[in-house]
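The block underneath contains the structure these notes are about, expressed in structure tokens.
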Amino acid sequence: MIDVNFLPRLTPLASGILAALAGLTGVAASAQDGNPAPAGALREVVISGSRHEQFLEDLAVTVDVIRAPEIEIGQIQDIRDVARDLPNVSVRRAPSRFAITGVANNTGRDGNSGFNIRGLGGNRVLMMVDDVRIPHSYVFGGNAFGRDSLSIDLIKRIELVRGPASALYGSDAMGGLVNFITFDPSDFLVDGTSAPRSFGGRVAAGWSGDNDGSSLSATIAGRATDTLEWMLTASAARAHGLETMGTNDSPNVNRTTANPQTDRNNAVLGKLVFRPDASQKHVVTYEHVDKKSEVNLLSSRAPLPLTGTPAAIAGAILDESASNTLSRDRLTWDGRYRLDTAWADQVQTQLGYQHASSLQTGVSDRNTLPDRVREATYTESTWQGRVQADKLLSLTPAWGKQRVTYGFDYLSSKITNLFDGVNPLPPEVFPLKRFPDTRESSAALYAQAEWINEQWTVVPGLRLDQFAVDVLTQDGFYPPAKLPARSLSDSAWSPKLGVIYRASEAWSLFGNYAHGFRAPNANQVNGYYENMAEQVVIVPNPDLKPETSNTLEFGVRGRLERLTLDVAVFAGRYNDLIVDNVLISGTGVAGDPKLFQTVNTDRARIQGFEFKGSYDWGRVADGRLSMPFAYGRAKGSNLTTGKPLNSVDPAKAILGLNYDAAAWTLRLDLRHVAAKNAEDIDSGGLVKPPNTQITVPAATVVDLYGQWRIRKNLRLNVGITNLTNTKYWVWSDVQGLAASTTVADAYTQPGRNLTVSMVYDF
């Protein structure tokens, strides 16, 4: 059940926003006097909420949409910026302060590690580009591979669905999904007139002060014939380490400024769009993204002069460096057909191949002990196919038409890893594999109906997934493997039921029940590791079951003349949660090593609420003034241990002022993030006792963005982030950092900085 007692416990800022909203709602209702929004107002169309184009107001789920103008004016550069102003959403990006060997530490090695939505993150949130799944994240000891294998320069639209979406998308969508939608040729072949153009494009350049980053992208698009369009985009970016507000530049473990770092990102997107006739459309897409980061790990060097025991002095780090390289290539074909047959009005097909690889290297120069070199690779090669049909059926006069959507999904990924290097920790012998070469596959049937009349929409849905983790070979699997790796297969049903009630033309209510699941991955099933120097062993678990969830969500939407408002309250129960590397036996001495295993051990509950919207103040001088706002809060508890869930982010509130004139736009955003206090943290789940996890104080940050439309096709964007130069920390970035640390400032966010970009359309 939803604990309503926590709803009134708001920060003063949030209470003020709620009070203002209450007043604005009354003003808007009075001004509107029951009339809907103007007939010419554009309604938001989204794809990800139902796997076909649909108005947002007709979805019984909460969806956030970030459009191309918002990406441009807000100068969104990566997935972390996407989450910046979304309550109950975050992206972890810790500073690069990892060590190559020794105590396991991958802090910052995975860059932007992935999205957390309403307290669930990692591979529990599905990330896609044009409906193609982005590779999983993978973590083992000192190595971590994140999910930021995309370029925002290629993206025109981002759709984020909150809550389980397994009924349509299967595993990995238990916590929600984020779909990045790329540009089409047609986006560059229109100029606001009715006459289509045969050639067009865009050039954009930018600079960001928080990492001294520069970027350049160019797009050309054309219409070869009446039936064929094409597009080619290329982008390149260079940057350094993300600034902190630390002041200690010491070249050792006491350092609190960023390590010297160089990042290089390149991307290419090509599209062909073929329309042989009015009844079909085919899109062939090729996407390439490659990123490389090189870090001089000054923060892992031992201070001079060396002190301590002879063993500590012999093994002291004198120099350490690392590089991370990732690439992703995607080739997909999407087809749409208008059939108008008894079994389908239209059919969508998709077939795609994607290859992603990551390489992490590290070199440690030790005082008198032999140097160490580490190389770790991770690859995913994936085939994905989908066939989906839509049909409108006639029901009773009271219900009119019923839309039925049904389809088949298939996914097959070959996953490999390899660890190599020099001077391994005994008893390891390089090269080795932490888990064997594996094929993760799934086949699914899904169906969803939409019954609609003037006041009600009812949306039932059901999906059946059959998934498998198949070991392809034992070769190289932690040689010699004491037990052979084993395969696993299972199935899962994912039902959902959504209801919308339109109380008036301006107000509607919705409710949604959804069941979600996430299948275990290859590393969780068969991952193996030994370190007898520390008497630690991690063993496989081929008996893992999929995680499951059951979530309820209720909401209200208002579309008045001046006010738009969306409110949602949600509560979810999670069973058989997979927890990595749980201590199951052993004391850590010779003959009785500590034995760790990934297990289904936890049950959890997460509940919370969100509201968002905008109030239009109308004409002010020569422009129009509006006030966007958003607030979200959640809390979670581990029902097995009774302790808080560390994955739940603190409450976040956003209040903005947006002024639009003919030639320019100015936006001021105030973002307040609540504290993460000790009572909200399961400290033992993050740091080893007797240490305690560092807490995070509340912070308020002000950002200022502007756009000057110099000409119709030339725009200058300028932003000043952290205008007040506030020193603050982000909870997701400091998890695992002990309160006793002397380098907390190394984890602070950048201070006041400038971002600039120029965009030219032709």
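Here's how to read the names in the structure tokens: chain A, B, ... by the order shown, residue numbers from 1 in each chain, ligand numbers from 1 in the order shown.
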
Closest atom pairs, stretch 385-447 of chain A residues within 7 Å of stretch 524-532 of chain A, only C-alpha atoms, as CSV:
```
residue,atom,partner,partner_atom,distance
A:Pro426,CA,A:Asn531,CA,6.7
A:Pro427,CA,A:Asn531,CA,6.7
A:Arg434,CA,A:Gly527,CA,5.5
A:Phe435,CA,A:Gly527,CA,4.8
```

Open item on the list: Show me, as a PyMOL selection string, the residues that have an atom within 8 Å of A:Ser491 when counting only C-alpha atoms, minus same-chain residues fewer than 4 positions from it.
Closed with: chain A and resi 464-467

Write out, as a PDB file, in the first residue's frame, the residues just selected, with N, CA, C and O atoms.
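Output (result-v2.pdb):
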```
ATOM      1  N   LEU A 464       4.265 -12.753 -22.999  1.00  0.00           N
ATOM      2  CA  LEU A 464       4.892 -13.999 -22.569  1.00  0.00           C
ATOM      3  C   LEU A 464       6.307 -14.039 -23.122  1.00  0.00           C
ATOM      4  O   LEU A 464       6.508 -14.002 -24.339  1.00  0.00           O
ATOM      5  N   ASP A 465       7.294 -14.095 -22.225  1.00  0.00           N
ATOM      6  CA  ASP A 465       8.704 -14.158 -22.613  1.00  0.00           C
ATOM      7  C   ASP A 465       9.273 -15.528 -22.292  1.00  0.00           C
ATOM      8  O   ASP A 465       9.046 -16.069 -21.202  1.00  0.00           O
ATOM      9  N   GLN A 466      10.003 -16.073 -23.218  1.00  0.00           N
ATOM     10  CA  GLN A 466      10.818 -17.265 -22.982  1.00  0.00           C
ATOM     11  C   GLN A 466      12.268 -16.823 -23.145  1.00  0.00           C
ATOM     12  O   GLN A 466      12.666 -16.350 -24.214  1.00  0.00           O
ATOM     13  N   PHE A 467      13.061 -16.929 -22.083  1.00  0.00           N
ATOM     14  CA  PHE A 467      14.434 -16.436 -22.150  1.00  0.00           C
ATOM     15  C   PHE A 467      15.404 -17.532 -21.748  1.00  0.00           C
ATOM     16  O   PHE A 467      15.044 -18.508 -21.071  1.00  0.00           O
TER      17      PHE A 467
END
```

TODO: Excluding A:Arg301 and residues on its chain fewer than 4 positions from it, collect all residues at most 8 Å away from it, counting only C-alpha atoms, and give them as a list in words.
DONE: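 The filter keeps Pro251, Asn252, Val253, Leu297, Ala316, Ile317, Leu318, Asp319 and Glu320 of chain A.
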
Same residues, all heavy atoms, output as a CSV table (one decimal), in the first residue's frame:
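Saved result, part_23.csv, follows:
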```
chain,number,residue,atom,x,y,z
A,251,PRO,N,49.6,15.5,-6.5
A,251,PRO,CA,49.6,14.4,-7.4
A,251,PRO,C,49.7,13.1,-6.6
A,251,PRO,O,50.5,12.2,-6.8
A,251,PRO,CB,50.9,14.6,-8.2
A,251,PRO,CG,51.8,15.3,-7.2
A,251,PRO,CD,51.0,16.2,-6.4
A,252,ASN,N,48.7,12.9,-5.7
A,252,ASN,CA,48.6,11.7,-4.9
A,252,ASN,C,47.2,11.5,-4.4
A,252,ASN,O,46.3,12.2,-4.8
A,252,ASN,CB,49.6,11.7,-3.7
A,252,ASN,CG,49.5,13.0,-2.9
A,252,ASN,OD1,48.4,13.3,-2.4
A,252,ASN,ND2,50.6,13.7,-2.6
A,253,VAL,N,47.0,10.5,-3.4
A,253,VAL,CA,45.7,10.2,-2.9
A,253,VAL,C,45.0,11.3,-2.3
A,253,VAL,O,43.8,11.3,-2.0
A,253,VAL,CB,45.8,9.0,-2.0
A,253,VAL,CG1,46.2,7.7,-2.7
A,253,VAL,CG2,46.7,9.3,-0.8
A,297,LEU,N,46.0,8.7,-13.5
A,297,LEU,CA,45.4,8.5,-12.1
A,297,LEU,C,46.4,9.1,-11.0
A,297,LEU,O,46.9,8.3,-10.2
A,297,LEU,CB,45.1,7.1,-11.9
A,297,LEU,CG,43.9,6.5,-12.7
A,297,LEU,CD1,43.9,5.0,-12.8
A,297,LEU,CD2,42.6,7.1,-12.2
A,316,ALA,N,54.0,0.4,-3.0
A,316,ALA,CA,53.4,1.7,-3.2
A,316,ALA,C,53.3,2.1,-4.7
A,316,ALA,O,54.2,1.9,-5.5
A,316,ALA,CB,54.3,2.8,-2.4
A,317,ILE,N,52.2,2.8,-5.1
A,317,ILE,CA,52.0,3.2,-6.4
A,317,ILE,C,52.7,4.5,-6.7
A,317,ILE,O,52.5,5.5,-6.1
A,317,ILE,CB,50.5,3.4,-6.7
A,317,ILE,CG1,49.7,2.1,-6.5
A,317,ILE,CG2,50.3,3.9,-8.1
A,317,ILE,CD1,50.1,1.0,-7.4
A,318,LEU,N,53.7,4.4,-7.6
A,318,LEU,CA,54.4,5.6,-8.1
A,318,LEU,C,53.7,6.3,-9.2
A,318,LEU,O,53.8,7.5,-9.4
A,318,LEU,CB,55.8,5.2,-8.4
A,318,LEU,CG,56.6,4.6,-7.3
A,318,LEU,CD1,58.1,4.3,-7.8
A,318,LEU,CD2,56.6,5.4,-6.0
A,319,ASP,N,53.1,5.5,-10.1
A,319,ASP,CA,52.4,6.1,-11.2
A,319,ASP,C,51.3,5.1,-11.7
A,319,ASP,O,51.5,3.9,-11.6
A,319,ASP,CB,53.4,6.4,-12.4
A,319,ASP,CG,52.8,7.2,-13.5
A,319,ASP,OD1,51.7,7.8,-13.2
A,319,ASP,OD2,53.4,7.3,-14.6
A,320,GLU,N,50.2,5.6,-12.2
A,320,GLU,CA,49.1,4.7,-12.7
A,320,GLU,C,48.3,5.5,-13.7
A,320,GLU,O,48.1,6.7,-13.6
A,320,GLU,CB,48.2,4.3,-11.5
A,320,GLU,CG,47.4,3.1,-11.7
A,320,GLU,CD,46.9,2.5,-10.4
A,320,GLU,OE1,46.3,3.2,-9.6
A,320,GLU,OE2,47.1,1.2,-10.3
```

Task: Spatial neighbours of A:Arg197, max dist 9 Å, only C-alpha atoms, sep filter under 6 positions, as a list in words - done: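 My reading of the contact set: Phe188, Leu189, Val190, Asp191, Gly222 and Arg223 of chain A.
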
Using only all heavy atoms, please write the residues we just selected to a file, as a PDB file, in the first residue's frame.
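Generated file (again_29.pdb):
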```
ATOM      1  N   PHE A 188      15.251  17.884 -41.993  1.00  0.00           N
ATOM      2  CA  PHE A 188      16.120  18.904 -42.577  1.00  0.00           C
ATOM      3  C   PHE A 188      15.654  19.337 -43.973  1.00  0.00           C
ATOM      4  O   PHE A 188      16.320  20.156 -44.612  1.00  0.00           O
ATOM      5  CB  PHE A 188      17.556  18.379 -42.665  1.00  0.00           C
ATOM      6  CG  PHE A 188      18.110  17.951 -41.344  1.00  0.00           C
ATOM      7  CD1 PHE A 188      18.070  16.613 -40.953  1.00  0.00           C
ATOM      8  CD2 PHE A 188      18.650  18.870 -40.466  1.00  0.00           C
ATOM      9  CE1 PHE A 188      18.563  16.214 -39.731  1.00  0.00           C
ATOM     10  CE2 PHE A 188      19.156  18.483 -39.239  1.00  0.00           C
ATOM     11  CZ  PHE A 188      19.110  17.142 -38.866  1.00  0.00           C
ATOM     12  N   LEU A 189      14.518  18.783 -44.404  1.00  0.00           N
ATOM     13  CA  LEU A 189      14.035  19.091 -45.751  1.00  0.00           C
ATOM     14  C   LEU A 189      12.746  19.887 -45.723  1.00  0.00           C
ATOM     15  O   LEU A 189      11.980  19.895 -46.680  1.00  0.00           O
ATOM     16  CB  LEU A 189      13.844  17.791 -46.550  1.00  0.00           C
ATOM     17  CG  LEU A 189      15.116  16.961 -46.741  1.00  0.00           C
ATOM     18  CD1 LEU A 189      14.805  15.671 -47.486  1.00  0.00           C
ATOM     19  CD2 LEU A 189      16.180  17.770 -47.476  1.00  0.00           C
ATOM     20  N   VAL A 190      12.466  20.542 -44.613  1.00  0.00           N
ATOM     21  CA  VAL A 190      11.325  21.446 -44.494  1.00  0.00           C
ATOM     22  C   VAL A 190      11.839  22.760 -43.928  1.00  0.00           C
ATOM     23  O   VAL A 190      12.794  22.798 -43.151  1.00  0.00           O
ATOM     24  CB  VAL A 190      10.229  20.865 -43.577  1.00  0.00           C
ATOM     25  CG1 VAL A 190       9.601  19.642 -44.212  1.00  0.00           C
ATOM     26  CG2 VAL A 190      10.780  20.527 -42.202  1.00  0.00           C
ATOM     27  N   ASP A 191      11.212  23.868 -44.327  1.00  0.00           N
ATOM     28  CA  ASP A 191      11.655  25.178 -43.843  1.00  0.00           C
ATOM     29  C   ASP A 191      10.489  26.043 -43.390  1.00  0.00           C
ATOM     30  O   ASP A 191      10.586  27.270 -43.345  1.00  0.00           O
ATOM     31  CB  ASP A 191      12.455  25.905 -44.924  1.00  0.00           C
ATOM     32  CG  ASP A 191      11.658  26.099 -46.216  1.00  0.00           C
ATOM     33  OD1 ASP A 191      10.468  25.723 -46.229  1.00  0.00           O
ATOM     34  OD2 ASP A 191      12.225  26.625 -47.188  1.00  0.00           O
ATOM     35  N   GLY A 222      19.045  14.909 -48.209  1.00  0.00           N
ATOM     36  CA  GLY A 222      18.550  15.223 -49.543  1.00  0.00           C
ATOM     37  C   GLY A 222      17.406  14.324 -49.968  1.00  0.00           C
ATOM     38  O   GLY A 222      17.160  13.269 -49.376  1.00  0.00           O
ATOM     39  N   ARG A 223      16.711  14.771 -50.982  1.00  0.00           N
ATOM     40  CA  ARG A 223      15.632  14.005 -51.591  1.00  0.00           C
ATOM     41  C   ARG A 223      16.104  13.624 -52.991  1.00  0.00           C
ATOM     42  O   ARG A 223      16.130  14.448 -53.904  1.00  0.00           O
ATOM     43  CB  ARG A 223      14.346  14.812 -51.622  1.00  0.00           C
ATOM     44  CG  ARG A 223      13.157  14.068 -52.226  1.00  0.00           C
ATOM     45  CD  ARG A 223      11.855  14.846 -52.084  1.00  0.00           C
ATOM     46  NE  ARG A 223      11.400  14.874 -50.690  1.00  0.00           N
ATOM     47  CZ  ARG A 223      11.472  15.933 -49.895  1.00  0.00           C
ATOM     48  NH1 ARG A 223      12.012  17.063 -50.361  1.00  0.00           N
ATOM     49  NH2 ARG A 223      11.046  15.896 -48.652  1.00  0.00           N
TER      50      ARG A 223
END
```

Open item on the list: Neighbouring residues of stretch 124-126 of chain A were defined as those with any atom within 6 Å, considering only C-alpha atoms; residues of the same chain fewer than 6 positions away were excluded. Please report them as a VMD selection string.
Closed with: chain A and resid 172 to 177

Task: Separation of atom CA of A:Arg336 from atom CA of A:Ala218, in Å and rounded to one decimal - done: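 Distance reported for this atom pair: 28.5 Å.
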
Task: Atomic distance atom CA of A:Trp343 - atom CA of A:Leu168, expressed in Å with one decimal - done: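 According to the coordinates, atom CA of A:Trp343 and atom CA of A:Leu168 are separated by 19.9 Å.
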
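With only C-alpha atoms taken into account, the protein and nucleic acid residues at most 10 Å from A:Lys688 (excluding it and anything under 5 positions from it in its own chain) are Ser683, Gln693, Gly736 and Ala738 of chain A.
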
Task: Selection: 12 Å around A:Arg386, only C-alpha atoms, excl. self and same-chain fewer than 3 positions, as a VMD selection string - done: chain A and resid 51 131 to 132 168 to 169 332 to 336 347 to 352 383 389 406 to 411 442 to 446

Open item on the list: Here is a test: counting only C-alpha atoms, which residue of A:Ala165, A:Val756, A:Ile76, A:Val536 is nearest to A:Gly591?
Closed with: A:Val536

Task: Best match for closeness to A:Pro750 among A:Val730, A:Leu577, A:Ala322, A:Val387, counting only C-alpha atoms - done: A:Val730
